[in-house]
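Colleague: So that we are looking at the same thing, I have put the structure below in C-alpha cells.
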Amino acid sequence: MDRDIVEQVLRDYGSLRRLDTDPELEAVRATILLEDVFEVVLSDAEIDPAVLADASAVAALVARLRGTA
Amino acid sequence: MCGVCGIVSYGGPPDLALLHRMMARLGHRGPDGNGYYRDRRAALGHTRLAIIDSSGGAQPLCNEDGTLWVTFNGEIFNYIELGEELRHRGHTFRTASDTEVIVHAWEEWGEECFSRFNGQWAIALWDSGAEQLVLSRDRLGVRPLFFTRLPKCLLFASEVKSIFAEPSVERAFDPAGLDQTFTYWSPVAPRTVFRGIEQLEPGHYAVLDRDGFRKAPYWRITFPDRGREPMQDAQENAEALRERVIEATRLRFLRSDVPVGAYLSGGLDSSVTAAVIARYTDAPLRTFSLRFSDSEFDEGQYQKKMSAMLGTQHQDIVVSPSDIAAVFPEVVRHTETPILRAAPAPLFLLSKLVRENGYKVVVTGEGADEVLAGYDLFREARVRLFWSRDPGSAKRTRAAELLYPWMARSPARIPAFARSFFGRHLDPGDPALSHRPRWDSTSVIKTMLTADLQDGIGRADAEDVVAAMPPGSEHWDPLSRGQWLEMTTLLAGYILASQGDRMLMANSVEGRFPFLDREVVDFANALPARHKLFGLEEKYLLKRAFADLVPDDIIHRPKQPYRAPDAASFFAADRPAWFDEVMSERAIAAAGVFEPSVVAGLLAKCRRTGGENMSNTDNMRVLAVVSTQLTHESFIAEGGRRTLEWVLPDPSVAVDLVTDDWSMT
C-alpha cells in the first residue's frame, strides 16, 4: 500500500470522526478501521484517544507498525 | 415480467392439456396475454405481463424460419444496443421487443449471448431442428426457474405450482432442502424444499439435447485478491459508482412502454434510486411505501421527508399484525417455501397497492446491502475479528457498543456478551466467519424436527455452501467472502425470491433493481473492501457518491433492517381460523416435519405473551413452523388448499405443429 493511499484513508477517516461520542469508544472505532485497512495490530496502550485523534500521530503510528517509518 | 413453462418429452408429443394447466397456474405472473408452441418433442408456454412492445412482443416468439422458439420472463435492459449490433450482423427483426433480441443473440453467439445480456431473466429456448432445450437464469437470481426431470419428460416453470400440475410429480419435502432452509434461511440452488424439484442456479445455463442434460456457469460472483484491487482512489471510485448507478436506474426507469413507479422505504438505497429518477429523468415519479401500525417497525417520517424533497406523488399502506396474519396463507402459496420472517407479507400488500394504482413496474433499492456491504452481519464480522486479536482486552470488548449502542447503558453486561457473541465459533481462518452466528442461531429451529426428518437430513448428501466457495477465495478480503456467501444464499434464495419476485408477481408487478445491474455489480465487486465497509461505516462509497442527492439524516441514520411483526402477528385475539387449523397437533403430525409436543410448548409460550417480546430465536421458530405447515398444506397434503388456476384469455400465440394449427395475433 503506497503512501498516497495511507494519506487518503487518514483524510477520509478524519471527515467521518464523531466528535460527540465517548473519546475512548471513538478510539476503538478508529482502531477497527486502521487494523483492517493497514493490516496492523494496536496494543491497548496504542488504542489511545489522544493519539488517534491526531492525524499526524496516527500516520506516525501506522508507519511504525507497518515498519515503514 | 411473465410466467414461463414448458415440457420436453422423451416419448410422444407433449401433453397440450398439461401445458395449459401449467400456464393457468402462472396467470398471476402474466394477466395481459398468453401463448404456446408445441411440436412433437417440446411445448413452451407463456403468460404475459406486457411492458415492452405491447403489440409485437407476444410469446412464444420464433426466428425467421420458425426453428428456434423462446419463452422468456424478465427484461434484457440493453436490448436496444444488442439489437443494433445484431442488425449490423445481418439479423432481421419483426418486433421491437427484447424477447426477439434473445432469439437472434442465441443464433449469433450461442451460450456466450448470456454474458452479453444486462438484465433479469429466466429464458427457455427450443431449437426444434437440433431438438435442444436451453434454459438460462440471470446472474444473481432475480427471476426464478424451476425444473424436474421425470422418466418421460422434463418440465420447467417459473413457479413450482406450475410443475405440480403434472400429477405424476412427487409431492414431498426434501430433507436436505429443509435443512438448508433452517440454516441459511432458504434452500440454495439447485436445491428446493421439494424432493425432485430443482432450480437452475443463478448465472447458469442448462442444455438438454440428444447428449443428455448438463449445466454450466456463464458468470460467477468473484472478487479480486485483497490488496490487488485495480481501483484504489476513493473519490474516483465514488464518481464511477455514481455514473453506473445513474445509468442502471435510468435504464430501468425509461426502458418500459408503461409507467414505472418506485418504492421508497425511508432508507438510503431506495432514496438514492428515487432521487436519481427525479434528478436525471423528465418523467413524473410516483412512489410507494410500506408503513407499520407498530412504531417499532415504521419508517414513515423518512419516507415522507424523501417524497416531499423529490416532489413525488406518494402513496403508502399501513400494515398491522392482523393484516399480516390475514394474508399469510396466500403469501406462502406464492413463496412456495417456508420463510423465517413475516416480512414478505407486508411486501405482498405493498405490491397490491401498486397494482391497484395502475402500475405494473417498480424500481427498488434491492441488492445494495449485498453489493455495497450494508448489512450488520458484515460489521459484526469485522468487530469479531477485531476482538479476536486480543479477547482479554477491555478496550476491544467495548467494540460491542459500536454495534449495539444500547449496550452503553449496561456496561457490566458487555464483557459477558462479547465472549458469548464474538467468541462463539470464532476461528479467524474460517471462510464463513461472517455467517456462523446467523447460521448457528437459525439452526436452533432444527431441534424441533421429528426424529424421522433428522434421520433424513443425516442421510442426505447436501451441498456444503462453504466448500463450494471458489478456489482462491482465501486470498479475498474477509468482507468479500462474506459478500459471496450472502449473494449465494440469502440474496438469491430469500431476498430476491420470497421477498422479491414472489411478492411482486403475486400481484402482477415487476421489480427492477438498479443495484443488481451487471455494470454496478462487476464494478462494486472489484472495489477495495474499505470502499464498501470503511471501518464500521457501511455502504461508504454509496453515501459518498450520492451525498448531494439524499438528505444527511437519511444518509447518516443508523441502518434499520427491514422487519415486520413476526410471532405477534399470529397470537392476537382476532387471529384468523386458519392458524389453529394448520397448527393443530393433528396437522403438525401429518406434515411430519416438527415434533408436535415441542410445537405445543412453543405455542403455549407465545399465547402467554400474545406473541409479544419474544426472542429472535422464538420468533423464527414460530414463523418456521407456521410457514412450513402452510407449505405442506398448499403443496403436499392430500386435499390441501387447491392451487388457483386462472381462466386464461384466448392465446395471442397458438402454434401446434402436432395438429398443424397456427394462430398468431
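In the C-alpha cells, chains take letters A, B, ... by order of appearance, with residues numbered from 1 within each chain and ligands from 1 in the order shown.
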Mind running chain A against chain B at 10 Å and telling me each contacting residue's nearest atom pair with the distance in Å (one decimal), counting only C-alpha atoms, chain and number ascending, as JSON lines?

Modeller:
```
{"residue": "A:Met1", "atom": "CA", "partner": "B:Gly227", "partner_atom": "CA", "distance": 7.5}
{"residue": "A:Asp4", "atom": "CA", "partner": "B:Asp233", "partner_atom": "CA", "distance": 9.2}
{"residue": "A:Ile5", "atom": "CA", "partner": "B:Gln232", "partner_atom": "CA", "distance": 7.4}
{"residue": "A:Gln8", "atom": "CA", "partner": "B:Ala234", "partner_atom": "CA", "distance": 8.0}
{"residue": "A:Val9", "atom": "CA", "partner": "B:Ala234", "partner_atom": "CA", "distance": 8.6}
{"residue": "A:Asp12", "atom": "CA", "partner": "B:Ala234", "partner_atom": "CA", "distance": 8.7}
{"residue": "A:Tyr13", "atom": "CA", "partner": "B:Phe534", "partner_atom": "CA", "distance": 8.4}
{"residue": "A:Leu16", "atom": "CA", "partner": "B:Glu537", "partner_atom": "CA", "distance": 8.7}
{"residue": "A:Glu24", "atom": "CA", "partner": "B:Lys395", "partner_atom": "CA", "distance": 8.0}
{"residue": "A:Leu25", "atom": "CA", "partner": "B:Arg398", "partner_atom": "CA", "distance": 7.0}
{"residue": "A:Glu26", "atom": "CA", "partner": "B:Leu402", "partner_atom": "CA", "distance": 8.9}
{"residue": "A:Ala27", "atom": "CA", "partner": "B:Lys395", "partner_atom": "CA", "distance": 9.1}
{"residue": "A:Val28", "atom": "CA", "partner": "B:Ala399", "partner_atom": "CA", "distance": 6.4}
{"residue": "A:Arg29", "atom": "CA", "partner": "B:Gly535", "partner_atom": "CA", "distance": 7.1}
{"residue": "A:Ala30", "atom": "CA", "partner": "B:Gly535", "partner_atom": "CA", "distance": 7.3}
{"residue": "A:Thr31", "atom": "CA", "partner": "B:Gly535", "partner_atom": "CA", "distance": 8.4}
{"residue": "A:Ile32", "atom": "CA", "partner": "B:Gly535", "partner_atom": "CA", "distance": 5.8}
{"residue": "A:Leu33", "atom": "CA", "partner": "B:Gly535", "partner_atom": "CA", "distance": 3.8}
{"residue": "A:Leu34", "atom": "CA", "partner": "B:Gly535", "partner_atom": "CA", "distance": 7.6}
{"residue": "A:Glu35", "atom": "CA", "partner": "B:Phe386", "partner_atom": "CA", "distance": 7.8}
{"residue": "A:Asp36", "atom": "CA", "partner": "B:Gly535", "partner_atom": "CA", "distance": 7.1}
{"residue": "A:Val37", "atom": "CA", "partner": "B:Arg530", "partner_atom": "CA", "distance": 6.7}
{"residue": "A:Val41", "atom": "CA", "partner": "B:Arg389", "partner_atom": "CA", "distance": 7.6}
{"residue": "A:Leu42", "atom": "CA", "partner": "B:Arg389", "partner_atom": "CA", "distance": 9.4}
{"residue": "A:Ser43", "atom": "CA", "partner": "B:Asp390", "partner_atom": "CA", "distance": 8.8}
{"residue": "A:Asp44", "atom": "CA", "partner": "B:Lys395", "partner_atom": "CA", "distance": 6.6}
{"residue": "A:Ala45", "atom": "CA", "partner": "B:Lys395", "partner_atom": "CA", "distance": 9.5}
{"residue": "A:Ile47", "atom": "CA", "partner": "B:Lys395", "partner_atom": "CA", "distance": 7.6}
{"residue": "A:Asp48", "atom": "CA", "partner": "B:Lys395", "partner_atom": "CA", "distance": 9.7}
```

Colleague: Would you save the residues of that selection, restricted to N, CA and C atoms, as a PDB file, in the first residue's frame?

Modeller:
```pdb
ATOM      1  N   MET A   1       0.856  -1.191   0.000  1.00  0.00           N
ATOM      2  CA  MET A   1       0.000   0.000   0.000  1.00  0.00           C
ATOM      3  C   MET A   1       0.891   1.239   0.000  1.00  0.00           C
ATOM      4  N   ASP A   4       0.310   7.412  -0.728  1.00  0.00           N
ATOM      5  CA  ASP A   4      -0.889   8.173  -1.124  1.00  0.00           C
ATOM      6  C   ASP A   4      -2.149   7.562  -0.529  1.00  0.00           C
ATOM      7  N   ILE A   5      -2.197   6.219  -0.560  1.00  0.00           N
ATOM      8  CA  ILE A   5      -3.396   5.556  -0.046  1.00  0.00           C
ATOM      9  C   ILE A   5      -3.498   5.729   1.457  1.00  0.00           C
ATOM     10  N   GLN A   8      -4.757   9.110   2.019  1.00  0.00           N
ATOM     11  CA  GLN A   8      -6.172   9.218   1.626  1.00  0.00           C
ATOM     12  C   GLN A   8      -7.079   8.614   2.699  1.00  0.00           C
ATOM     13  N   VAL A   9      -6.691   7.439   3.191  1.00  0.00           N
ATOM     14  CA  VAL A   9      -7.517   6.770   4.206  1.00  0.00           C
ATOM     15  C   VAL A   9      -7.610   7.623   5.461  1.00  0.00           C
ATOM     16  N   ASP A  12      -9.894  10.555   4.764  1.00  0.00           N
ATOM     17  CA  ASP A  12     -11.304  10.152   4.731  1.00  0.00           C
ATOM     18  C   ASP A  12     -11.811   9.836   6.132  1.00  0.00           C
ATOM     19  N   TYR A  13     -10.946   9.216   6.920  1.00  0.00           N
ATOM     20  CA  TYR A  13     -11.362   8.900   8.287  1.00  0.00           C
ATOM     21  C   TYR A  13     -11.605  10.189   9.068  1.00  0.00           C
ATOM     22  N   LEU A  16     -14.958  11.550   8.865  1.00  0.00           N
ATOM     23  CA  LEU A  16     -16.032  10.753   9.469  1.00  0.00           C
ATOM     24  C   LEU A  16     -15.993  10.772  10.992  1.00  0.00           C
ATOM     25  N   GLU A  24     -12.966   7.373  24.147  1.00  0.00           N
ATOM     26  CA  GLU A  24     -12.371   6.035  24.159  1.00  0.00           C
ATOM     27  C   GLU A  24     -13.064   5.120  23.146  1.00  0.00           C
ATOM     28  N   LEU A  25     -14.386   5.281  23.036  1.00  0.00           N
ATOM     29  CA  LEU A  25     -15.126   4.471  22.064  1.00  0.00           C
ATOM     30  C   LEU A  25     -14.760   4.888  20.635  1.00  0.00           C
ATOM     31  N   GLU A  26     -14.555   6.184  20.447  1.00  0.00           N
ATOM     32  CA  GLU A  26     -14.153   6.665  19.131  1.00  0.00           C
ATOM     33  C   GLU A  26     -12.767   6.125  18.771  1.00  0.00           C
ATOM     34  N   ALA A  27     -11.919   5.980  19.791  1.00  0.00           N
ATOM     35  CA  ALA A  27     -10.592   5.403  19.547  1.00  0.00           C
ATOM     36  C   ALA A  27     -10.715   3.940  19.132  1.00  0.00           C
ATOM     37  N   VAL A  28     -11.653   3.237  19.719  1.00  0.00           N
ATOM     38  CA  VAL A  28     -11.883   1.840  19.321  1.00  0.00           C
ATOM     39  C   VAL A  28     -12.360   1.795  17.873  1.00  0.00           C
ATOM     40  N   ARG A  29     -13.266   2.714  17.530  1.00  0.00           N
ATOM     41  CA  ARG A  29     -13.767   2.765  16.147  1.00  0.00           C
ATOM     42  C   ARG A  29     -12.618   3.006  15.163  1.00  0.00           C
ATOM     43  N   ALA A  30     -11.749   3.943  15.535  1.00  0.00           N
ATOM     44  CA  ALA A  30     -10.608   4.250  14.658  1.00  0.00           C
ATOM     45  C   ALA A  30      -9.678   3.051  14.528  1.00  0.00           C
ATOM     46  N   THR A  31      -9.491   2.347  15.634  1.00  0.00           N
ATOM     47  CA  THR A  31      -8.584   1.196  15.614  1.00  0.00           C
ATOM     48  C   THR A  31      -9.118   0.091  14.691  1.00  0.00           C
ATOM     49  N   ILE A  32     -10.421  -0.110  14.724  1.00  0.00           N
ATOM     50  CA  ILE A  32     -11.018  -1.123  13.839  1.00  0.00           C
ATOM     51  C   ILE A  32     -10.683  -0.793  12.383  1.00  0.00           C
ATOM     52  N   LEU A  33     -10.803   0.476  12.046  1.00  0.00           N
ATOM     53  CA  LEU A  33     -10.501   0.895  10.674  1.00  0.00           C
ATOM     54  C   LEU A  33      -9.018   0.700  10.359  1.00  0.00           C
ATOM     55  N   LEU A  34      -8.167   1.189  11.245  1.00  0.00           N
ATOM     56  CA  LEU A  34      -6.722   1.130  10.976  1.00  0.00           C
ATOM     57  C   LEU A  34      -6.244  -0.315  10.859  1.00  0.00           C
ATOM     58  N   GLU A  35      -6.703  -1.164  11.756  1.00  0.00           N
ATOM     59  CA  GLU A  35      -6.255  -2.566  11.722  1.00  0.00           C
ATOM     60  C   GLU A  35      -6.740  -3.262  10.453  1.00  0.00           C
ATOM     61  N   ASP A  36      -7.948  -2.908  10.026  1.00  0.00           N
ATOM     62  CA  ASP A  36      -8.465  -3.555   8.817  1.00  0.00           C
ATOM     63  C   ASP A  36      -7.722  -3.078   7.576  1.00  0.00           C
ATOM     64  N   VAL A  37      -7.587  -1.780   7.440  1.00  0.00           N
ATOM     65  CA  VAL A  37      -7.025  -1.249   6.191  1.00  0.00           C
ATOM     66  C   VAL A  37      -5.519  -1.495   6.107  1.00  0.00           C
ATOM     67  N   VAL A  41      -1.761  -4.431  14.114  1.00  0.00           N
ATOM     68  CA  VAL A  41      -2.477  -4.694  15.367  1.00  0.00           C
ATOM     69  C   VAL A  41      -1.981  -3.695  16.411  1.00  0.00           C
ATOM     70  N   LEU A  42      -2.911  -2.972  16.994  1.00  0.00           N
ATOM     71  CA  LEU A  42      -2.546  -1.992  18.019  1.00  0.00           C
ATOM     72  C   LEU A  42      -2.644  -2.638  19.394  1.00  0.00           C
ATOM     73  N   SER A  43      -1.736  -2.247  20.263  1.00  0.00           N
ATOM     74  CA  SER A  43      -1.833  -2.700  21.653  1.00  0.00           C
ATOM     75  C   SER A  43      -2.881  -1.850  22.372  1.00  0.00           C
ATOM     76  N   ASP A  44      -3.281  -2.289  23.548  1.00  0.00           N
ATOM     77  CA  ASP A  44      -4.244  -1.499  24.316  1.00  0.00           C
ATOM     78  C   ASP A  44      -3.711  -0.087  24.573  1.00  0.00           C
ATOM     79  N   ALA A  45      -2.398  -0.013  24.821  1.00  0.00           N
ATOM     80  CA  ALA A  45      -1.819   1.314  25.092  1.00  0.00           C
ATOM     81  C   ALA A  45      -1.924   2.218  23.862  1.00  0.00           C
ATOM     82  N   ILE A  47      -4.340   2.098  21.662  1.00  0.00           N
ATOM     83  CA  ILE A  47      -5.744   2.486  21.412  1.00  0.00           C
ATOM     84  C   ILE A  47      -6.026   3.668  22.338  1.00  0.00           C
ATOM     85  N   ASP A  48      -5.407   4.739  22.006  1.00  0.00           N
ATOM     86  CA  ASP A  48      -5.333   5.901  22.891  1.00  0.00           C
ATOM     87  C   ASP A  48      -6.040   7.083  22.215  1.00  0.00           C
TER      88      ASP A  48
END
```

Colleague: Just the residues within 10 Å of Leu155 in chain B, please, counting only C-alpha atoms, with nothing from its chain fewer than 2 positions along; format it as a PyMOL selection string.

Modeller: chain B and resi 5-9+19+22+42-44+146-150+152-153+157+162-164+166+169+197

Colleague: At a cut-off of 6 Å, using only C-alpha atoms, what residues contact range 111-128 of chain B? Leave out same-chain residues fewer than 4 positions from it and give the result as a count of residues only.

Modeller: 25

Colleague: How many Å lie between CA of Val444 in chain B and CA of Ala573 in chain B, rounded to one decimal?

Modeller: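 Interatomic distance, CA of Val444 in chain B to CA of Ala573 in chain B: 28.1 Å.
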
Colleague: DSSP on the backbone, strand (DSSP E or B) only: what residues of range 5-206 of chain B does that give? Format it as a PyMOL selection string.

Modeller: chain B and resi 5-9+31+33-38+42-48+61-62+68-76+119-127+132-137+146-149+153-157+173+194+198-199+204-206

Colleague: Between CA of Ala343 in chain B and CA of Ile495 in chain B, what is the distance, to one decimal in Å?

Modeller: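 Interatomic distance, CA of Ala343 in chain B to CA of Ile495 in chain B: 10.1 Å.
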
Colleague: List as a list of chain:residue names the protein and nucleic acid residues near Glu581 in chain B, meaning an atom at most 12 Å away when only C-alpha atoms are counted, but skip any in the same chain fewer than 2 places from it.

Modeller: B:Pro329, B:Arg575, B:Pro576, B:Ala577, B:Trp578, B:Phe579, B:Met583, B:Ser584, B:Glu585, B:Arg586, B:Ala587, B:Ile588, B:Ala590, B:Val626, B:Gln629, B:Leu630, B:Glu633, B:Gly640

Colleague: Pick out each residue of chain A that DSSP on the backbone tags as helix (DSSP H, G or I); I need them as an MDAnalysis selection string.

Modeller: chainID A and resid 3:16 23:38 49:52 55:65

Colleague: Would you put the residues from that selection into a file with N, CA and C atoms, as a short mmCIF file (atom, residue, chain, number, x, y, z; two decimals), in the first residue's frame?

Modeller:
```cif
data_model
loop_
_atom_site.label_atom_id
_atom_site.label_comp_id
_atom_site.auth_asym_id
_atom_site.auth_seq_id
_atom_site.Cartn_x
_atom_site.Cartn_y
_atom_site.Cartn_z
N ARG A 3 2.06 5.35 -0.05
CA ARG A 3 1.86 6.45 0.89
C ARG A 3 0.59 7.26 0.57
N ASP A 4 0.31 7.41 -0.73
CA ASP A 4 -0.89 8.17 -1.12
C ASP A 4 -2.15 7.56 -0.53
N ILE A 5 -2.20 6.22 -0.56
CA ILE A 5 -3.40 5.56 -0.05
C ILE A 5 -3.50 5.73 1.46
N VAL A 6 -2.35 5.62 2.12
CA VAL A 6 -2.36 5.82 3.57
C VAL A 6 -2.90 7.22 3.90
N GLU A 7 -2.41 8.19 3.19
CA GLU A 7 -2.87 9.57 3.44
C GLU A 7 -4.34 9.74 3.11
N GLN A 8 -4.76 9.11 2.02
CA GLN A 8 -6.17 9.22 1.63
C GLN A 8 -7.08 8.61 2.70
N VAL A 9 -6.69 7.44 3.19
CA VAL A 9 -7.52 6.77 4.21
C VAL A 9 -7.61 7.62 5.46
N LEU A 10 -6.49 8.18 5.87
CA LEU A 10 -6.50 9.00 7.08
C LEU A 10 -7.33 10.28 6.88
N ARG A 11 -7.24 10.84 5.68
CA ARG A 11 -8.06 12.02 5.37
C ARG A 11 -9.55 11.68 5.41
N ASP A 12 -9.89 10.55 4.76
CA ASP A 12 -11.30 10.15 4.73
C ASP A 12 -11.81 9.84 6.13
N TYR A 13 -10.95 9.22 6.92
CA TYR A 13 -11.36 8.90 8.29
C TYR A 13 -11.61 10.19 9.07
N GLY A 14 -10.74 11.17 8.84
CA GLY A 14 -10.88 12.44 9.55
C GLY A 14 -12.24 13.07 9.31
N SER A 15 -12.75 12.91 8.09
CA SER A 15 -14.05 13.54 7.80
C SER A 15 -15.22 12.77 8.42
N LEU A 16 -14.96 11.55 8.87
CA LEU A 16 -16.03 10.75 9.47
C LEU A 16 -15.99 10.77 10.99
N PRO A 23 -14.72 9.57 23.80
CA PRO A 23 -13.42 9.52 23.09
C PRO A 23 -12.81 8.12 23.07
N GLU A 24 -12.97 7.37 24.15
CA GLU A 24 -12.37 6.04 24.16
C GLU A 24 -13.06 5.12 23.15
N LEU A 25 -14.39 5.28 23.04
CA LEU A 25 -15.13 4.47 22.06
C LEU A 25 -14.76 4.89 20.64
N GLU A 26 -14.56 6.18 20.45
CA GLU A 26 -14.15 6.66 19.13
C GLU A 26 -12.77 6.13 18.77
N ALA A 27 -11.92 5.98 19.79
CA ALA A 27 -10.59 5.40 19.55
C ALA A 27 -10.72 3.94 19.13
N VAL A 28 -11.65 3.24 19.72
CA VAL A 28 -11.88 1.84 19.32
C VAL A 28 -12.36 1.80 17.87
N ARG A 29 -13.27 2.71 17.53
CA ARG A 29 -13.77 2.77 16.15
C ARG A 29 -12.62 3.01 15.16
N ALA A 30 -11.75 3.94 15.53
CA ALA A 30 -10.61 4.25 14.66
C ALA A 30 -9.68 3.05 14.53
N THR A 31 -9.49 2.35 15.63
CA THR A 31 -8.58 1.20 15.61
C THR A 31 -9.12 0.09 14.69
N ILE A 32 -10.42 -0.11 14.72
CA ILE A 32 -11.02 -1.12 13.84
C ILE A 32 -10.68 -0.79 12.38
N LEU A 33 -10.80 0.48 12.05
CA LEU A 33 -10.50 0.89 10.67
C LEU A 33 -9.02 0.70 10.36
N LEU A 34 -8.17 1.19 11.24
CA LEU A 34 -6.72 1.13 10.98
C LEU A 34 -6.24 -0.31 10.86
N GLU A 35 -6.70 -1.16 11.76
CA GLU A 35 -6.26 -2.57 11.72
C GLU A 35 -6.74 -3.26 10.45
N ASP A 36 -7.95 -2.91 10.03
CA ASP A 36 -8.47 -3.56 8.82
C ASP A 36 -7.72 -3.08 7.58
N VAL A 37 -7.59 -1.78 7.44
CA VAL A 37 -7.02 -1.25 6.19
C VAL A 37 -5.52 -1.50 6.11
N PHE A 38 -4.83 -1.30 7.22
CA PHE A 38 -3.37 -1.36 7.17
C PHE A 38 -2.78 -2.68 7.66
N PRO A 49 -7.09 7.61 22.83
CA PRO A 49 -7.83 8.71 22.20
C PRO A 49 -6.93 9.88 21.82
N ALA A 50 -5.94 10.16 22.64
CA ALA A 50 -5.08 11.32 22.35
C ALA A 50 -4.30 11.11 21.06
N VAL A 51 -3.81 9.90 20.85
CA VAL A 51 -3.04 9.61 19.63
C VAL A 51 -3.98 9.52 18.43
N LEU A 52 -5.08 8.81 18.60
CA LEU A 52 -5.93 8.51 17.45
C LEU A 52 -6.78 9.70 17.00
N ALA A 55 -4.13 13.41 13.43
CA ALA A 55 -3.82 12.79 12.13
C ALA A 55 -2.34 12.48 11.99
N SER A 56 -1.46 13.43 12.40
CA SER A 56 -0.03 13.17 12.22
C SER A 56 0.43 12.05 13.12
N ALA A 57 -0.14 12.01 14.34
CA ALA A 57 0.26 10.94 15.26
C ALA A 57 -0.20 9.57 14.72
N VAL A 58 -1.37 9.56 14.13
CA VAL A 58 -1.88 8.30 13.56
C VAL A 58 -0.99 7.87 12.40
N ALA A 59 -0.63 8.82 11.56
CA ALA A 59 0.23 8.50 10.42
C ALA A 59 1.55 7.91 10.91
N ALA A 60 2.10 8.52 11.96
CA ALA A 60 3.38 8.02 12.51
C ALA A 60 3.20 6.63 13.10
N LEU A 61 2.10 6.44 13.80
CA LEU A 61 1.83 5.13 14.42
C LEU A 61 1.70 4.05 13.35
N VAL A 62 0.93 4.35 12.31
CA VAL A 62 0.73 3.36 11.24
C VAL A 62 2.06 3.05 10.57
N ALA A 63 2.84 4.09 10.31
CA ALA A 63 4.13 3.89 9.66
C ALA A 63 5.03 3.01 10.53
N ARG A 64 5.01 3.26 11.83
CA ARG A 64 5.86 2.46 12.73
C ARG A 64 5.40 1.00 12.75
N LEU A 65 4.08 0.81 12.85
CA LEU A 65 3.57 -0.56 12.94
C LEU A 65 3.77 -1.33 11.63
#
```

Colleague: For Gly458 in chain B, find every residue with an atom within 9 Å (counting only C-alpha atoms), except residues of its own chain fewer than 4 positions away, and show them as an MDAnalysis selection string.

Modeller: chainID B and resid 175:176 453:454

Colleague: Would you save the residues of that selection, restricted to N, CA and C atoms, as a PDB file, in the first residue's frame?

Modeller:
```pdb
ATOM      1  N   PRO B 175     -35.581 -33.458   2.642  1.00  0.00           N
ATOM      2  CA  PRO B 175     -34.943 -33.179   3.930  1.00  0.00           C
ATOM      3  C   PRO B 175     -33.755 -32.222   3.808  1.00  0.00           C
ATOM      4  N   ALA B 176     -32.950 -32.391   2.750  1.00  0.00           N
ATOM      5  CA  ALA B 176     -31.775 -31.516   2.607  1.00  0.00           C
ATOM      6  C   ALA B 176     -32.203 -30.073   2.320  1.00  0.00           C
ATOM      7  N   LEU B 453     -37.252 -36.901  10.306  1.00  0.00           N
ATOM      8  CA  LEU B 453     -36.686 -35.881   9.413  1.00  0.00           C
ATOM      9  C   LEU B 453     -35.206 -35.677   9.724  1.00  0.00           C
ATOM     10  N   GLN B 454     -34.861 -35.709  10.992  1.00  0.00           N
ATOM     11  CA  GLN B 454     -33.437 -35.562  11.337  1.00  0.00           C
ATOM     12  C   GLN B 454     -32.623 -36.704  10.740  1.00  0.00           C
TER      13      GLN B 454
END
```

Colleague: My list of candidates is B:Lys446, B:Arg607, B:Arg502, B:Arg252. Which is closest to Val593 in chain B when distances are computed with only C-alpha atoms?

Modeller: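 Result for the nearest residue to Val593 in chain B: B:Lys446.
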
Colleague: Report, in Å to a single decimal, how far apart CA of Lys215 in chain B and CA of Asp430 in chain B are.

Modeller: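 About the pair CA of Asp430 in chain B and CA of Lys215 in chain B: they are 29.5 Å apart.
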
Colleague: Between B:Ala572, B:Phe348, B:Arg341, B:Asp376, single out the one closest to Asp618 in chain B, counting only C-alpha atoms.

Modeller: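 Closest to Asp618 in chain B of all the choices is B:Arg341.
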